[in-house]
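The structure appears below as structure tokens.
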Amino acid sequence: MSNFEYASAPESKAIANIATSYGLFIGGKFVDPRKGKSFETINPATEEVLSKIGYADKLDVDLAVKSARSAFTKIWSKTPAKERGKYLYRIARILQERAREFAVVETLDNGKPIRESRDTDIPLAAAHFFYHAGWADKLEYAGFGNKPKPVGVVGQIIPWNFPLLMLAWKIAPALVAGNTVVLKPAETTPLTALLFAQVCQQAGLPESVVNIITGDGITGAALVNHPDINKVAFTGSTEVGKAIARSISATNKRATLELGGKAANLVFEDAAIDEAVEGIVNGIFFNQGHVCCAGSRLLVQENVADEVLEKLKARMSLIRVGDPMDKNTDLGAINSKEQLKRIHEITKSGDAEGANRWSPECKLPSKGFWYPPTIFTGVSQSHRIAREEIFGPVLSVLTFRTPAEGIEKANNTMYGLSAGIWSDKGAKILWAAKQLKAGVIWSNTFNKFDPASPFGGYKESGWGREGGRHGLSGYLKSDVKASK
Amino acid sequence: MIIDGSESSLKKFLAELSPVDQVGAEARAVMLATRSIKTTSKAWAIDTAISMIDLTTLEGADSPGKVRALCAKAVRPDPTDSTVPSVGAICVYNDMVKITRSELDAIGGKDIPVAAVATAFPSGRASIAVKKIDTQDALDAGANEIDMVIDRGAFLSGKIGEVFDEIKTIKEICGNKAHLKVILETGELVTYDNVRKASYLAMLAGADFIKTSTGKVSPAATAPVVLVMLEAVRDYFALTGSRIGVKPAGGIRTTKDAIKQLVLVNETAGSEWLKPSLFRIGASALLNDLLMQRMKLRTGHYAGANYVTVD
């Protein structure tokens with residue numbers, strides 16, 4: 001061995017007890033869908049079938065909502081807040097105890113590297129339950145009035161990029177505020193949600209407080225349109241978000257929507273270049289770029305652009321692409337055939353519009369869905385790859401000459417979810433953060449999440465916030481009389 | 001030459017270096033520490049690490065007997081297994097150089113260099129005249145490598161011209177006879193920006209190696225410090241075409257620590273640096289842990305501490 005080749009270091013699959021089939025989790029137990037329909041979920045890294053998943057149609061959705069309504073009226077809204085908090089603490093601890101199992105199942109079902117599910121997804125999911133558990137006995141002092149009330153039954157639809165983490169973002173605040181939920185995980189990544197259903201049983205959570213139904217967009221639409229839900233919480237594409245907004249427009253339903261993004265990562269001339277390069281890599285290649293707040297547009301000041309690009313390319317050559325179960329893998333599989341097709345389609349437009357594509361040499365596995373880490377240079381604002389969300393490991397590089405031009409380009413998008421600022425000058429960071437129209441702004445770091453920090457977007461990136469006190473407010477009705 | 005050697009040209013050069021973001025550098029080091037090195041790559045890493053050790057004894061109590069024992073250990077770290085490579089060098093105080101050199105030569109360790117810590121090690125608080133004599137003394141005794149310390153007081157008070165001149169002077173004395181390792185004592189420089197600047201200063205002045213620490217100050221060779229130094233030699237190579245070595249020293253005691261260092265090298269400076277001529281680890285206790293891990297890999301069983309020799 002002349003070079004330091006890392007021998008394969010696979011995480012063991014033995015801990016993952018994936019059943020051959022799963023029903024719907026309604027009323028505290030797994031039940032077969034009324035019509036007995038099912039679909040398969042596969043491992044995107046190998047295309048192996050992992051399990052058969054029950055398909056919920058309108059009737060099943062109705063059953064789930066009814067069950068959630070009854071739990072809301074009879075049990076959960078009457079359970080003292082302090083008691084609700086105990087259940088959340090219990091769930092958080094079980095998630096920690098079963099962290100390895102969850103990480104393995106997440107990686108198998110999603111295709112993300114085990115390092116990320118192990119070090120990011122699962123610990124953060126547990127942290128969300130811990131954080132929100134702490135709010136339980138303090139809701140009356142959180143600025144929502146004297147006796148804030150739960151909203152009722154919440155329909156929650158989550159995406160496939162961070163399956164368990166998005167579930168935690170949705171379920172933890174809903175439960176602590178006293179709501180009951182019907183949650184639909186994404187069609188391609190239902191497994192950790194179904195495993196979570198077992199955690200609810202293990203924690204002794206009263207039946208029907210959490211209901212989990214699996215299916216596709218039609219299932220999701222049935223949930224959104226069910227007359228007896230009080231709120232929709234959705235994370236996913238802007239297109240679906242708009243459809244949801246339309247369909248609830250004539251109702252009393254509330255909604256929080258976490259939608260797309262095309263975040264600008266601004267590197268100023270006075271940035272710490274090595275760490276900025278690290279942040280650029282983390283910003284776009286973390287989770288295969290399947291991140292709504294990914295730093296997918298690199299805006300770099302022209303006088304340092306060559307240096308940054310040279311270092312970025314060298315750094316990209318070190319990205320280890322391959323088996324997501326290998327502990328040394330940095331970039332895993334694209335989540336689905338459909339998503340891979342979309343990445344191919346939009347990157348081809350980049351070639352056609354005259355941008356220059358570059359990827360490091362890397363061998364992609366023959367089975368499964370893969371895309372190499374890629375950057376496009378010579379991109380201009382008008383290119384599709386600079387405007388549309390690619391949701392893959394593809395970075396568009398643009399340059400700017402003055403700070404003002406950088407901000408102008410950064411804000412010149414229909415989205416406004418996140419942004420990054422790289423500079424060693426504190427005053428410049430504060431100035432830039434004030435100018436940027438984005439819900440989350442990172443300085444000298446990227447893709448950092450904390451349950452206490454509200455997350456959400458401007459413009460077409462969504463409505464409302466998740467996390468922190470702000471996120472909690474979406475699950476509570478303020479006590480208006482008391483605050484008058 | 002990138003600079004003309006004047007203090008103003010040095011200051012200008014160092015001021016133009018990109019800053020280091022502390023949080024980012026530490027996060028990168030933490031991430032690289034999660035690399036999982038198993039089976040064949042672990043075996044390779046253990047042998048490579050052994051061949052990179054500067055087996056060190058720097059105690060007031062050092063004696064000819066202690067040094068002779070160390071020489072035997074350096075040549076054949078595991079007397080029961082001749083496939084174990086010899087270490088990279090032996091590192092001692094000046095007055096032990098002669099006996100170390102002759103002992104190594106006598107027992108088949110001709111190729112193992114002897115490194116001497118010169119220039120008023122570890123504090124460096126002596127006049128330049130004394131430092132010159134100290135260095136010459138080590139060379140006369142047969143040292144193949146000089147581990148000098150920089151004047152941290154001068155560096156921290158902004159007299160970087162002085163630091164530069166001192167390194168240059170010692171380098172001139174070393175000439176072609178000995179390799180020069182420059183100890184930055186990063187624990188006293190404190191900030192990563194200082195580590196980066198001192199690294200460049202040493203390289204510009206003619207260092208063959210930049211070394212983290214004396215081992216007498218804590219913290220010593222932390223992962224982010226080594227990361228910053230590896231970035232410096234990588235970028236210096238891009239700038240000048242010459243490869244400067246890096247030597248972390250102090251606090252690297254276990255096989256895990258050593259492998260983490262090799263991962264840092266591999267993913268920062270690159271695999272070109274993964275050889276004893278460009279990367280050394282200053283250590284004493286580390287060697288036995290590497291030997292025990294090596295036995296474990298070969299036999300499947302952990303051996304007790306008494307199955308490896310104490311020195």
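Scheme for the structure tokens: letters A, B, ... for chains in order shown; per-chain residue numbers from 1; ligand numbers from 1 in order shown.
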
Worksheet item: Near Val31 of chain A, within 12 Å and counting only C-alpha atoms, which residues show up once chain neighbours fewer than 6 positions away are dropped, as a ChimeraX atom specification?
Response: /A:21-25,53-56,60,63-64,211-214

Using C-alpha atoms, can you export the residues from the last selection as a CSV table (one decimal), in the first residue's frame?
chain,number,residue,atom,x,y,z
A,21,SER,CA,-44.0,-5.5,6.1
A,22,TYR,CA,-45.5,-2.6,8.0
A,23,GLY,CA,-49.1,-1.5,8.5
A,24,LEU,CA,-50.4,1.9,9.4
A,25,PHE,CA,-49.9,3.2,12.9
A,53,ILE,CA,-45.2,-0.6,3.5
A,54,GLY,CA,-49.0,-0.1,3.9
A,55,TYR,CA,-50.6,2.4,1.6
A,56,ALA,CA,-53.1,4.7,3.2
A,60,ASP,CA,-57.4,5.2,6.2
A,63,LEU,CA,-59.6,6.7,10.4
A,64,ALA,CA,-56.3,8.2,11.5
A,211,ASN,CA,-50.7,8.3,14.3
A,212,ILE,CA,-48.4,7.5,11.4
A,213,ILE,CA,-49.8,6.8,7.9
A,214,THR,CA,-47.7,5.9,5.0

Discussion item. With 10 Å as the limit and counting only C-alpha atoms, what residues in chain B lie close to chain A? Please list them as a PyMOL selection string.
Written reply: chain B and resi 16-28+31-32+34-42+44-45+48+228+231+235+262-263+265-268+270-272+274

Practice prompt. Please provide as an NGL selection string all residues within 10 Å of Ile107 of chain B, with the sequence filter that same-chain residues fewer than 4 positions apart are discarded (counting only C-alpha atoms).
Written response: :B and (68 or 71-72 or 75-76 or 102-103)

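Closest to Arg98 of chain A among A:Leu175, A:Met414, A:Ile15, A:Leu165 is A:Ile15, based on only C-alpha atoms.
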
Worksheet entry | For segment 250-254 of chain A: contacts at 7 Å, only C-alpha atoms, fewer than 6 positions along chain excluded, given as a PyMOL selection string | chain A and resi 230-232
